[in-house]
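Everything below concerns the one structure shown next.
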Amino acid sequence: MKLIHVVGARPNFMKAAPVWNAIIRMTDFDQMLVHTGQHYDNLMSDIFFKELQIPVPDYNLNIGSDTHARQTAAIMIKFEELIIDLKPNLVLVYGDVNSTVAAAMVCSKLLIPFAHVEAGLRSFDRRMPEEINRIITDQLATILFTPSEDGNINLLKEGVPKSKINFVGNVMIDTLVELLPGAHKPILFNNIKLYVLVTLHRPSNVDEPDSLRSIIQNLNEISNSIPVLFPVHPRTKNMITINNLDFEKNDNLHLIDPLGYLDFLGLMKNSTAVITDSGGIQEETTYLGIPCITVRENTERPITITLGTNQLIGKEYHKIPELIKNIINGKKIKRTVPPLWDGKASERIAEVLITYSKDQH
Ligand code: UD1
């Protein structure tokens with residue numbers, strides 16, 4: 001069987017890596033890696049391939065940044081040419097980025113079966129581009145792999161046949177489980193014991209100057225009581241510059257470039273709390289038992305709230321200092337690891353694909 005994995009943006013890489021490696025271990029499938037080039041900076045892309053032990057992509061479509069329509073369309077045009085040539089038996093797409101939905105639409109129209117890893121997640125907020133990407137990808141997919149049971153429920157409600165849905169667990173946690181022992185705080189921060197780790201990149205937070213200004217004010221405020229480490233996403237960096245915003249000059253505020261996987265994981269596992277608007281980080285903090293304050297109005301990963309360490313504050317950024325104070329004062333936070341977040345999701349995916357391949361003959 002000939003498989004093609006499609007990745008494009010940073011959160012795809014840690015999802016594809018364990019699946020790629022499980023397929024090598026468990027099957028004799030022929031596999032290839034296609035990078036759309038949606039993310040292209042070394043720190044947003046190349047570094048992950050080295051750290052996650054996946055090969056350099058066989059093909060890079062070099063699409064880069066653009067508006068949603070132009071970026072998605074450009075990926076579709078180049079990806080269509082490529083797979084007409086390569087004739088895979090199955091394509092694997094990951095997560096909810098523009099590269100995911102672009103590849104999904106191309107496969108469907110060419111009648112090439114494809115599997116969606118991380119299917120069924122819903123924020124029920126169609127203002128989020130990722131929600132559109134999820135709904136379309138799941139409607140079109142041949143095989144759907146869900147990370148949590150809420151995913152199965154959402155898919156069934158949307159009319160996806162039960163026979164297509166496989167609850168396998170969370171592949172991002174596979175990568176975390178495997179690489180956690182080797183993840184250490186960057187030496188630069190060795191002397192900082194307690195700290196808050198921050199990541200922000202959602203348009204709803206960083207593209208609106210008033211929101212971004214308010215977030216910065218609140219980060220300034222908490223940095224008076226605890227160090228703040230903030231690896232800044234390129235989108236956020238651009239918006240800070242364009243809007244002439246700035247942080248206080250304060251030794252407790254550390255604005256740094258985006259980090260590789262191992263450095264970031266090292267910082268996350270030792271942190272006092274995390275403030276984020278990322279999807280994956282809500283899951284990783286739940287697994288690690290680190291309190292997570294999510295600056296979003298909703299989440300497509302509700303299990304991180306019901307079982308995990310996550311809480312949503314929407315745009316009520318003024319709540320951040322009080323919440324951080326409670327965490328520093330040791331207010332206990334419950335933690336349960338959700339079912340099948342056990343490091344073996346990729347093996348379950350490989351098993352399903354082995355059965356699928358046998359059924360094709
Ligand atoms: C994308 C995903 C988002 C994911 C995030 C992780 C979509 C719709 N969004 O958002 O779901 O959480 O990736 O990072 O697919 N840029 C660079 N270098 C890069 C990549 C981007 O400088 O390597 C800058 C460009 O100015 C670009 C901006 O970041 O315009 C946004 O990049 P883009 O891929 O459009 O979206 P993200 O915000 O990264």
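Scheme for the structure tokens: letters A, B, ... for chains in order shown; per-chain residue numbers from 1; ligand numbers from 1 in order shown.
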
- Task: Pick out the residues no farther than 9 Å from ligand 1, counting only C-alpha atoms and all ligand atoms, and list them as an MDAnalysis selection string.
- Result: chainID A and resid 8:12 37:45 64:68 71:72 95:101 128:130 133 201:203 233:238 277:280

Set the distance at 7 Å and use only C-alpha atoms: which residues neighbour segment 141-155 of chain A once local chain neighbours fewer than 3 positions away are removed? I'd like the list as an mmCIF file with N, CA, C and O atoms, in the first residue's frame.
```cif
data_model
loop_
_atom_site.group_PDB
_atom_site.id
_atom_site.type_symbol
_atom_site.label_atom_id
_atom_site.label_comp_id
_atom_site.auth_asym_id
_atom_site.auth_seq_id
_atom_site.Cartn_x
_atom_site.Cartn_y
_atom_site.Cartn_z
ATOM 1 N N PRO A 113 -8.949 7.814 -1.528
ATOM 2 C CA PRO A 113 -9.367 7.718 -0.129
ATOM 3 C C PRO A 113 -8.393 8.474 0.778
ATOM 4 O O PRO A 113 -7.191 8.492 0.515
ATOM 5 N N PHE A 114 -8.922 9.102 1.816
ATOM 6 C CA PHE A 114 -8.013 9.737 2.778
ATOM 7 C C PHE A 114 -8.526 9.574 4.205
ATOM 8 O O PHE A 114 -9.727 9.439 4.440
ATOM 9 N N ALA A 115 -7.564 9.574 5.122
ATOM 10 C CA ALA A 115 -7.884 9.430 6.541
ATOM 11 C C ALA A 115 -7.577 10.737 7.260
ATOM 12 O O ALA A 115 -6.574 11.396 6.967
ATOM 13 N N HIS A 116 -8.455 11.100 8.203
ATOM 14 C CA HIS A 116 -8.237 12.315 8.993
ATOM 15 C C HIS A 116 -7.846 11.941 10.417
ATOM 16 O O HIS A 116 -8.626 11.317 11.131
ATOM 17 N N VAL A 117 -6.629 12.339 10.785
ATOM 18 C CA VAL A 117 -6.147 12.105 12.142
ATOM 19 C C VAL A 117 -6.479 13.349 12.976
ATOM 20 O O VAL A 117 -6.102 14.457 12.596
ATOM 21 N N GLU A 118 -7.172 13.143 14.087
ATOM 22 C CA GLU A 118 -7.711 14.204 14.953
ATOM 23 C C GLU A 118 -9.064 14.675 14.413
ATOM 24 O O GLU A 118 -9.329 15.868 14.272
ATOM 25 N N ALA A 119 -9.905 13.713 14.131
ATOM 26 C CA ALA A 119 -11.236 14.019 13.599
ATOM 27 C C ALA A 119 -12.220 14.295 14.733
ATOM 28 O O ALA A 119 -11.994 13.909 15.891
ATOM 29 N N GLY A 120 -13.304 14.972 14.389
ATOM 30 C CA GLY A 120 -14.454 15.087 15.297
ATOM 31 C C GLY A 120 -14.402 16.218 16.306
ATOM 32 O O GLY A 120 -15.386 16.448 17.012
ATOM 33 N N LEU A 121 -13.301 16.940 16.395
ATOM 34 C CA LEU A 121 -13.241 18.034 17.379
ATOM 35 C C LEU A 121 -14.081 19.204 16.882
ATOM 36 O O LEU A 121 -14.040 19.552 15.703
ATOM 37 N N THR A 137 -13.317 18.702 6.304
ATOM 38 C CA THR A 137 -12.429 17.533 6.238
ATOM 39 C C THR A 137 -13.155 16.285 6.726
ATOM 40 O O THR A 137 -13.086 15.216 6.094
ATOM 41 N N ASP A 138 -13.881 16.406 7.827
ATOM 42 C CA ASP A 138 -14.562 15.228 8.390
ATOM 43 C C ASP A 138 -15.702 14.736 7.498
ATOM 44 O O ASP A 138 -15.963 13.536 7.423
ATOM 45 N N GLU A 158 -23.350 14.620 12.983
ATOM 46 C CA GLU A 158 -23.238 15.237 11.655
ATOM 47 C C GLU A 158 -23.481 14.221 10.538
ATOM 48 O O GLU A 158 -23.269 14.524 9.361
ATOM 49 N N GLY A 159 -23.873 13.018 10.917
ATOM 50 C CA GLY A 159 -24.250 12.025 9.904
ATOM 51 C C GLY A 159 -23.103 11.206 9.345
ATOM 52 O O GLY A 159 -23.257 10.507 8.342
ATOM 53 N N VAL A 160 -21.936 11.269 9.986
ATOM 54 C CA VAL A 160 -20.820 10.439 9.506
ATOM 55 C C VAL A 160 -21.103 8.990 9.922
ATOM 56 O O VAL A 160 -21.422 8.731 11.089
ATOM 57 N N LYS A 164 -17.002 4.393 9.753
ATOM 58 C CA LYS A 164 -15.792 5.130 9.336
ATOM 59 C C LYS A 164 -14.989 5.652 10.523
ATOM 60 O O LYS A 164 -13.872 6.122 10.373
ATOM 61 N N ILE A 165 -15.612 5.643 11.724
ATOM 62 C CA ILE A 165 -15.032 6.364 12.871
ATOM 63 C C ILE A 165 -14.262 5.410 13.777
ATOM 64 O O ILE A 165 -14.776 4.363 14.174
ATOM 65 N N ASN A 166 -13.038 5.781 14.111
ATOM 66 C CA ASN A 166 -12.211 4.960 14.991
ATOM 67 C C ASN A 166 -11.680 5.820 16.130
ATOM 68 O O ASN A 166 -10.904 6.764 15.892
ATOM 69 N N PHE A 167 -12.085 5.501 17.350
ATOM 70 C CA PHE A 167 -11.577 6.219 18.524
ATOM 71 C C PHE A 167 -10.233 5.593 18.885
ATOM 72 O O PHE A 167 -10.174 4.469 19.375
ATOM 73 N N VAL A 168 -9.155 6.319 18.589
ATOM 74 C CA VAL A 168 -7.808 5.748 18.774
ATOM 75 C C VAL A 168 -7.008 6.433 19.874
ATOM 76 O O VAL A 168 -5.960 5.933 20.292
ATOM 77 N N GLY A 169 -7.453 7.617 20.321
ATOM 78 C CA GLY A 169 -6.657 8.384 21.289
ATOM 79 C C GLY A 169 -5.879 9.498 20.604
ATOM 80 O O GLY A 169 -6.089 9.785 19.430
ATOM 81 N N ASN A 170 -4.970 10.091 21.368
ATOM 82 C CA ASN A 170 -4.370 11.358 20.966
ATOM 83 C C ASN A 170 -2.915 11.181 20.496
ATOM 84 O O ASN A 170 -2.020 10.898 21.299
#
```

- Message: According to DSSP computed on the backbone, where in segment 75-301 of chain A is there alpha helix (DSSP H)? Give the residues as a ChimeraX atom specification.
- Response: /A:75-86,98-109,129-140,149-157,171-179,203-206,209-222,234-242,261-269,280-288

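Between atom CA of Leu212 of chain A and atom CA of Ile324 of chain A there is a distance of 18.7 Å.
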
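Around segment 73-76 of chain A, within 7 Å and counting only C-alpha atoms, the residues found are Thr36, Ile63, Ser99, Ala102, Ala103 and Val106 of chain A, once anything fewer than 6 positions away on its own chain is removed.
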
Same residues, N, CA and C atoms, output as a short mmCIF file (atom, residue, chain, number, x, y, z; two decimals), in the first residue's frame:
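Saved file result_29.cif follows:
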```
data_model
loop_
_atom_site.label_atom_id
_atom_site.label_comp_id
_atom_site.auth_asym_id
_atom_site.auth_seq_id
_atom_site.Cartn_x
_atom_site.Cartn_y
_atom_site.Cartn_z
N THR A 36 3.38 21.10 2.71
CA THR A 36 2.81 22.13 1.82
C THR A 36 3.61 23.42 1.86
N ILE A 63 4.36 26.72 -0.40
CA ILE A 63 3.23 27.64 -0.58
C ILE A 63 3.41 28.95 0.19
N SER A 99 -3.80 23.57 5.29
CA SER A 99 -3.20 22.47 4.50
C SER A 99 -4.06 21.20 4.60
N ALA A 102 -7.25 21.64 2.41
CA ALA A 102 -6.87 21.72 0.99
C ALA A 102 -6.61 20.31 0.45
N ALA A 103 -5.81 19.54 1.19
CA ALA A 103 -5.50 18.18 0.74
C ALA A 103 -6.77 17.33 0.73
N VAL A 106 -8.84 18.01 -2.41
CA VAL A 106 -8.22 17.47 -3.62
C VAL A 106 -8.43 15.95 -3.69
#
```

- Query: Could you name the residues that touch segment 299-311 of chain A at 7 Å or less, counting only C-alpha atoms, but leaving out those on the same chain fewer than 5 positions away, as a ChimeraX atom specification?
  - Reply: /A:121-123,282-283,285-286,289-294,333-338

- Item | Among the residues A:Gln139, A:Thr27, A:Ser204, A:Thr272, the one that comes closest to Asn329 of chain A [using only C-alpha atoms] | A:Thr272

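If you count only C-alpha atoms and ignore residues fewer than 6 places along the chain from segment 217-220 of chain A, what sits within 7 Å of it is Phe247, Glu248, Tyr317, His318, Ile320 and Pro321 of chain A.
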
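The coordinates place atom CA of Thr199 of chain A at 15.1 Å from atom CA of Ser214 of chain A.
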
- Message: So that I can check the secondary structure, give me every residue of segment 98-297 of chain A assigned strand (DSSP E) by backbone DSSP, as a ChimeraX atom specification.
- Response: /A:114-117,143-146,165-167,196-199,228-231,253-256,273-276,292-294

For N, CA and C atoms, I'd like the residues from the last selection saved as a PDB file, in the first residue's frame.
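Output (result-v2.pdb):
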```
ATOM      1  N   PHE A 114      -8.922   9.102   1.816  1.00  0.00           N
ATOM      2  CA  PHE A 114      -8.013   9.737   2.778  1.00  0.00           C
ATOM      3  C   PHE A 114      -8.526   9.574   4.205  1.00  0.00           C
ATOM      4  N   ALA A 115      -7.564   9.574   5.122  1.00  0.00           N
ATOM      5  CA  ALA A 115      -7.884   9.430   6.541  1.00  0.00           C
ATOM      6  C   ALA A 115      -7.577  10.737   7.260  1.00  0.00           C
ATOM      7  N   HIS A 116      -8.455  11.100   8.203  1.00  0.00           N
ATOM      8  CA  HIS A 116      -8.237  12.315   8.993  1.00  0.00           C
ATOM      9  C   HIS A 116      -7.846  11.941  10.417  1.00  0.00           C
ATOM     10  N   VAL A 117      -6.629  12.339  10.785  1.00  0.00           N
ATOM     11  CA  VAL A 117      -6.147  12.105  12.142  1.00  0.00           C
ATOM     12  C   VAL A 117      -6.479  13.349  12.976  1.00  0.00           C
ATOM     13  N   ILE A 143     -11.714   7.576   6.313  1.00  0.00           N
ATOM     14  CA  ILE A 143     -11.501   6.985   7.642  1.00  0.00           C
ATOM     15  C   ILE A 143     -11.270   8.141   8.608  1.00  0.00           C
ATOM     16  N   LEU A 144     -11.899   8.077   9.795  1.00  0.00           N
ATOM     17  CA  LEU A 144     -11.739   9.171  10.752  1.00  0.00           C
ATOM     18  C   LEU A 144     -11.183   8.631  12.069  1.00  0.00           C
ATOM     19  N   PHE A 145     -10.096   9.230  12.528  1.00  0.00           N
ATOM     20  CA  PHE A 145      -9.475   8.828  13.787  1.00  0.00           C
ATOM     21  C   PHE A 145      -9.721   9.910  14.832  1.00  0.00           C
ATOM     22  N   THR A 146     -10.458   9.566  15.885  1.00  0.00           N
ATOM     23  CA  THR A 146     -10.783  10.588  16.891  1.00  0.00           C
ATOM     24  C   THR A 146      -9.862  10.458  18.118  1.00  0.00           C
ATOM     25  N   ILE A 165     -15.612   5.643  11.724  1.00  0.00           N
ATOM     26  CA  ILE A 165     -15.032   6.364  12.871  1.00  0.00           C
ATOM     27  C   ILE A 165     -14.262   5.410  13.777  1.00  0.00           C
ATOM     28  N   ASN A 166     -13.038   5.781  14.111  1.00  0.00           N
ATOM     29  CA  ASN A 166     -12.211   4.960  14.991  1.00  0.00           C
ATOM     30  C   ASN A 166     -11.680   5.820  16.130  1.00  0.00           C
ATOM     31  N   PHE A 167     -12.085   5.501  17.350  1.00  0.00           N
ATOM     32  CA  PHE A 167     -11.577   6.219  18.524  1.00  0.00           C
ATOM     33  C   PHE A 167     -10.233   5.593  18.885  1.00  0.00           C
ATOM     34  N   VAL A 196       5.617  31.606  34.422  1.00  0.00           N
ATOM     35  CA  VAL A 196       4.434  31.388  33.597  1.00  0.00           C
ATOM     36  C   VAL A 196       4.884  31.364  32.142  1.00  0.00           C
ATOM     37  N   LEU A 197       4.432  30.343  31.418  1.00  0.00           N
ATOM     38  CA  LEU A 197       4.776  30.208  30.002  1.00  0.00           C
ATOM     39  C   LEU A 197       3.588  30.676  29.163  1.00  0.00           C
ATOM     40  N   VAL A 198       3.863  31.514  28.164  1.00  0.00           N
ATOM     41  CA  VAL A 198       2.772  32.111  27.383  1.00  0.00           C
ATOM     42  C   VAL A 198       2.949  31.803  25.895  1.00  0.00           C
ATOM     43  N   THR A 199       1.851  31.425  25.214  1.00  0.00           N
ATOM     44  CA  THR A 199       1.876  31.391  23.735  1.00  0.00           C
ATOM     45  C   THR A 199       0.562  31.980  23.238  1.00  0.00           C
ATOM     46  N   VAL A 228       7.746  35.769  33.355  1.00  0.00           N
ATOM     47  CA  VAL A 228       6.894  35.381  32.232  1.00  0.00           C
ATOM     48  C   VAL A 228       7.800  35.046  31.052  1.00  0.00           C
ATOM     49  N   LEU A 229       7.681  33.833  30.533  1.00  0.00           N
ATOM     50  CA  LEU A 229       8.465  33.427  29.363  1.00  0.00           C
ATOM     51  C   LEU A 229       7.519  33.323  28.177  1.00  0.00           C
ATOM     52  N   PHE A 230       7.799  34.036  27.125  1.00  0.00           N
ATOM     53  CA  PHE A 230       6.847  34.162  26.017  1.00  0.00           C
ATOM     54  C   PHE A 230       7.560  33.970  24.669  1.00  0.00           C
ATOM     55  N   PRO A 231       7.528  32.735  24.138  1.00  0.00           N
ATOM     56  CA  PRO A 231       8.043  32.540  22.773  1.00  0.00           C
ATOM     57  C   PRO A 231       7.013  33.106  21.783  1.00  0.00           C
ATOM     58  N   LEU A 253      10.245  39.788  32.277  1.00  0.00           N
ATOM     59  CA  LEU A 253       9.548  39.500  31.017  1.00  0.00           C
ATOM     60  C   LEU A 253      10.561  39.031  29.979  1.00  0.00           C
ATOM     61  N   HIS A 254      10.359  37.817  29.497  1.00  0.00           N
ATOM     62  CA  HIS A 254      11.320  37.271  28.534  1.00  0.00           C
ATOM     63  C   HIS A 254      10.604  36.978  27.232  1.00  0.00           C
ATOM     64  N   LEU A 255      10.739  37.857  26.255  1.00  0.00           N
ATOM     65  CA  LEU A 255      10.154  37.617  24.931  1.00  0.00           C
ATOM     66  C   LEU A 255      11.221  36.963  24.076  1.00  0.00           C
ATOM     67  N   ILE A 256      10.904  35.773  23.566  1.00  0.00           N
ATOM     68  CA  ILE A 256      11.922  35.033  22.826  1.00  0.00           C
ATOM     69  C   ILE A 256      11.353  34.530  21.498  1.00  0.00           C
ATOM     70  N   ALA A 273       2.441  27.659  35.485  1.00  0.00           N
ATOM     71  CA  ALA A 273       1.162  27.747  34.775  1.00  0.00           C
ATOM     72  C   ALA A 273       1.437  28.128  33.332  1.00  0.00           C
ATOM     73  N   VAL A 274       0.460  27.860  32.482  1.00  0.00           N
ATOM     74  CA  VAL A 274       0.575  28.213  31.071  1.00  0.00           C
ATOM     75  C   VAL A 274      -0.615  29.098  30.696  1.00  0.00           C
ATOM     76  N   ILE A 275      -0.336  30.137  29.909  1.00  0.00           N
ATOM     77  CA  ILE A 275      -1.415  30.946  29.333  1.00  0.00           C
ATOM     78  C   ILE A 275      -1.314  30.771  27.821  1.00  0.00           C
ATOM     79  N   THR A 276      -2.403  30.384  27.172  1.00  0.00           N
ATOM     80  CA  THR A 276      -2.292  30.056  25.752  1.00  0.00           C
ATOM     81  C   THR A 276      -3.605  30.261  25.012  1.00  0.00           C
ATOM     82  N   CYS A 292      -3.673  25.399  33.101  1.00  0.00           N
ATOM     83  CA  CYS A 292      -3.671  26.078  31.800  1.00  0.00           C
ATOM     84  C   CYS A 292      -4.811  27.086  31.755  1.00  0.00           C
ATOM     85  N   ILE A 293      -4.476  28.341  31.471  1.00  0.00           N
ATOM     86  CA  ILE A 293      -5.489  29.384  31.294  1.00  0.00           C
ATOM     87  C   ILE A 293      -5.585  29.635  29.796  1.00  0.00           C
ATOM     88  N   THR A 294      -6.762  29.357  29.224  1.00  0.00           N
ATOM     89  CA  THR A 294      -6.905  29.483  27.772  1.00  0.00           C
ATOM     90  C   THR A 294      -7.681  30.746  27.432  1.00  0.00           C
TER      91      THR A 294
END
```

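Atom to atom, atom CA of Ile313 of chain A and atom CA of Ile215 of chain A stand 12.0 Å apart.
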
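Proximity to Asn190 of chain A was assessed for A:Ile240, A:Leu90, A:Leu259, A:Leu267 counting only C-alpha atoms; the smallest distance is recorded for A:Leu267.
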